[in-house]
Amino acid sequence: MSALGYHVRIRLESDRQLHTSPAHRRAMARTIVRVAAPWSLLAFGCAGVHLHFVALCNHEEAGEIARRLEIGLQRTRSFGVPFLKVHRKELVDQQHLFSAVLYDIGQRRHHELAADPYLEATSAPDLLGARLLGSHLIPRIREHVPELKRGHILAAFGLADSTLASEATDPERLREAVLAAAALPAFSGKGPDMQVARVVFIALAPPSIRSGDLADLCRVATRSIPRLRKLPVPPELLRAAGVQLALRQRVDALTEPARLPG
């Protein structure tokens with residue numbers, strides 16, 4: 001009986017951390033999605049010291065994805081130690097496939113993830129529509145892992161199955177939500193991805209924010225704000241940023257101290 005796919009784990013020597021900041025997590029997510037593009041990646045998740053991914057591939061391909069991923073991660077961030085031998089687990093039936101995907105997006109249940117409350121080092125934001133980077137994983141999951149429902153993904157964040165609706169928020173939180181939805185570390189430099197993210201941030205920012213403050217928040221000259229306002233707002237990133245903002249507000253509410261009456 002041939003395998004449906006493989007569940008792969010990679011880790012560094014001495015259990016060195018693979019990510020320690022939102023910038024690291026977003027760079028890691030970009031590397032994983034880029035490297036695995038030639039194969040059918042289904043899910044991924046990193047709990048800090050080890051990275052898992054699930055792909056529809058054979059044994060040799062699983063090793064090749066891992067090899068390229070290790071090279072890509074070392075180029076993104078020099079760790080100073082080599083990776084250990086790759087662990088590959090054959091997924092022989094649909095239940096194994098579902099369990100592996102659920103494991104990768106549900107890292108919160110298996111590890112202490114206070115450092116990554118929004119699961120940016122997993123594919124959970126992509127599957128929820130809160131990040132554009134891996135939006136192609138959604139139809140792939142629907143086809144190959146139909147058992148995975150929205151409730152499973154929300155549960156990975158510690159949330160009940162309900163509608164995500166964003167509320168008014170401060171500009172800095174909004175900025176982080178837009179950057180996370182675009183999988184960008186910060187507003188810095190130029191390029192099409194950076195410009196699109198700035199356009200979405202400005203479109204979502206409260207009208208009361210002055211142009212000078214907007215410029216400071218998205219790291220451009222004040223004179224650039226009128227030009228950016230006139231550019232078309234990409235609906236895909238606009239939707240993802242809205243979901244990301246609502247998701248963050250719900251996750252933050254889990255850890256906020258309860259208000260006493262009166």
# chains A, B, ... in the order shown; residues from 1 in each chain; ligands from 1
>>> residues_around(residues="A:Thr31", least_positions_apart="4", cutoff="7 Å", atoms="only C-alpha atoms", output="list in words")
Ala27, Val35, Gly72 and Leu73 of chain A
>>> write_last_selection(atoms="N, CA and C atoms", output="PDB file, in the first residue's frame")
ATOM      1  N   ALA A  27       9.460  35.215   8.041  1.00  0.00           N
ATOM      2  CA  ALA A  27      10.480  34.786   7.078  1.00  0.00           C
ATOM      3  C   ALA A  27      10.464  33.265   6.927  1.00  0.00           C
ATOM      4  N   VAL A  35       9.832  27.048  -0.819  1.00  0.00           N
ATOM      5  CA  VAL A  35      10.599  25.824  -1.055  1.00  0.00           C
ATOM      6  C   VAL A  35       9.688  24.666  -1.448  1.00  0.00           C
ATOM      7  N   GLY A  72      17.354  26.863   2.843  1.00  0.00           N
ATOM      8  CA  GLY A  72      16.654  28.135   2.807  1.00  0.00           C
ATOM      9  C   GLY A  72      16.597  28.819   4.157  1.00  0.00           C
ATOM     10  N   LEU A  73      16.372  28.054   5.208  1.00  0.00           N
ATOM     11  CA  LEU A  73      16.317  28.633   6.553  1.00  0.00           C
ATOM     12  C   LEU A  73      17.685  29.138   6.997  1.00  0.00           C
TER      13      LEU A  73
END
>>> residues_around(residues="A:Asp193", least_positions_apart="6", cutoff="12 Å", atoms="only C-alpha atoms", output="MDAnalysis selection string")
chainID A and resid 132:133 178:179 181:187 199:200 234 237
>>> residues_around(residues="A:Leu97", least_positions_apart="3", cutoff="8 Å", atoms="only C-alpha atoms", output="PDB file with N, CA and C atoms, in the first residue's frame")
ATOM      1  N   LEU A   4       0.056   7.986   1.406  1.00  0.00           N
ATOM      2  CA  LEU A   4      -0.645   9.181   0.932  1.00  0.00           C
ATOM      3  C   LEU A   4       0.277  10.390   0.941  1.00  0.00           C
ATOM      4  N   GLY A   5       1.226  10.380   1.852  1.00  0.00           N
ATOM      5  CA  GLY A   5       2.153  11.493   1.987  1.00  0.00           C
ATOM      6  C   GLY A   5       3.093  11.243   3.140  1.00  0.00           C
ATOM      7  N   LEU A  91       2.531   8.418   5.982  1.00  0.00           N
ATOM      8  CA  LEU A  91       1.103   8.558   6.285  1.00  0.00           C
ATOM      9  C   LEU A  91       0.347   7.574   5.398  1.00  0.00           C
ATOM     10  N   VAL A  92      -0.151   6.515   6.017  1.00  0.00           N
ATOM     11  CA  VAL A  92      -0.650   5.390   5.239  1.00  0.00           C
ATOM     12  C   VAL A  92      -2.152   5.433   4.961  1.00  0.00           C
ATOM     13  N   ASP A  93      -2.888   6.243   5.708  1.00  0.00           N
ATOM     14  CA  ASP A  93      -4.332   6.311   5.450  1.00  0.00           C
ATOM     15  C   ASP A  93      -4.861   7.709   5.756  1.00  0.00           C
ATOM     16  N   GLN A  94      -6.150   7.920   5.496  1.00  0.00           N
ATOM     17  CA  GLN A  94      -6.751   9.243   5.639  1.00  0.00           C
ATOM     18  C   GLN A  94      -6.725   9.742   7.076  1.00  0.00           C
ATOM     19  N   ALA A 100      -2.008  14.276  11.199  1.00  0.00           N
ATOM     20  CA  ALA A 100      -0.746  14.995  11.008  1.00  0.00           C
ATOM     21  C   ALA A 100      -0.989  16.477  10.734  1.00  0.00           C
ATOM     22  N   VAL A 101      -1.965  16.771   9.882  1.00  0.00           N
ATOM     23  CA  VAL A 101      -2.300  18.173   9.596  1.00  0.00           C
ATOM     24  C   VAL A 101      -2.786  18.863  10.865  1.00  0.00           C
ATOM     25  N   VAL A 145      -8.044  16.781   2.635  1.00  0.00           N
ATOM     26  CA  VAL A 145      -8.324  16.580   4.061  1.00  0.00           C
ATOM     27  C   VAL A 145      -9.672  17.227   4.397  1.00  0.00           C
TER      28      VAL A 145
END
>>> residues_around(residues="stretch 146-159 of chain A", least_positions_apart="2", cutoff="9 Å", atoms="only C-alpha atoms", output="PyMOL selection string")
chain A and resi 98+101-102+105-109+117-119+124-125+127-128+141-144+161-162+247+250-251+254
>>> select_by_dssp(residues="stretch 87-260 of chain A", states="strand (DSSP E or B)", output="list in words")
His87, Arg88, Lys89, Glu90, Leu91 and Thr122 of chain A
>>> residues_around(residues="A:His7", least_positions_apart="2", cutoff="6 Å", atoms="only C-alpha atoms", output="mmCIF file with C-alpha atoms, in the first residue's frame")
data_model
loop_
_atom_site.group_PDB
_atom_site.id
_atom_site.type_symbol
_atom_site.label_atom_id
_atom_site.label_comp_id
_atom_site.auth_asym_id
_atom_site.auth_seq_id
_atom_site.Cartn_x
_atom_site.Cartn_y
_atom_site.Cartn_z
ATOM 1 C CA PHE A 53 5.364 19.780 7.642
ATOM 2 C CA VAL A 54 2.909 17.534 5.811
ATOM 3 C CA ARG A 88 10.112 11.143 7.990
ATOM 4 C CA LYS A 89 6.857 9.426 8.957
#
>>> atom_distance(atom1="atom CA of A:Ala221", atom2="atom CA of A:Ala180")
22.5 Å
>>> closest_residue(among="A:Thr255, A:Thr163, A:Ser14, A:Gln244", to="A:Arg175", atoms="only C-alpha atoms")
A:Gln244
>>> closest_residue(among="A:Ala121, A:Val220, A:Ala177, A:Ala37", to="A:Phe201", atoms="only C-alpha atoms")
A:Ala177
>>> atom_distance(atom1="atom CA of A:Leu245", atom2="atom CA of A:Ser166")
5.9 Å
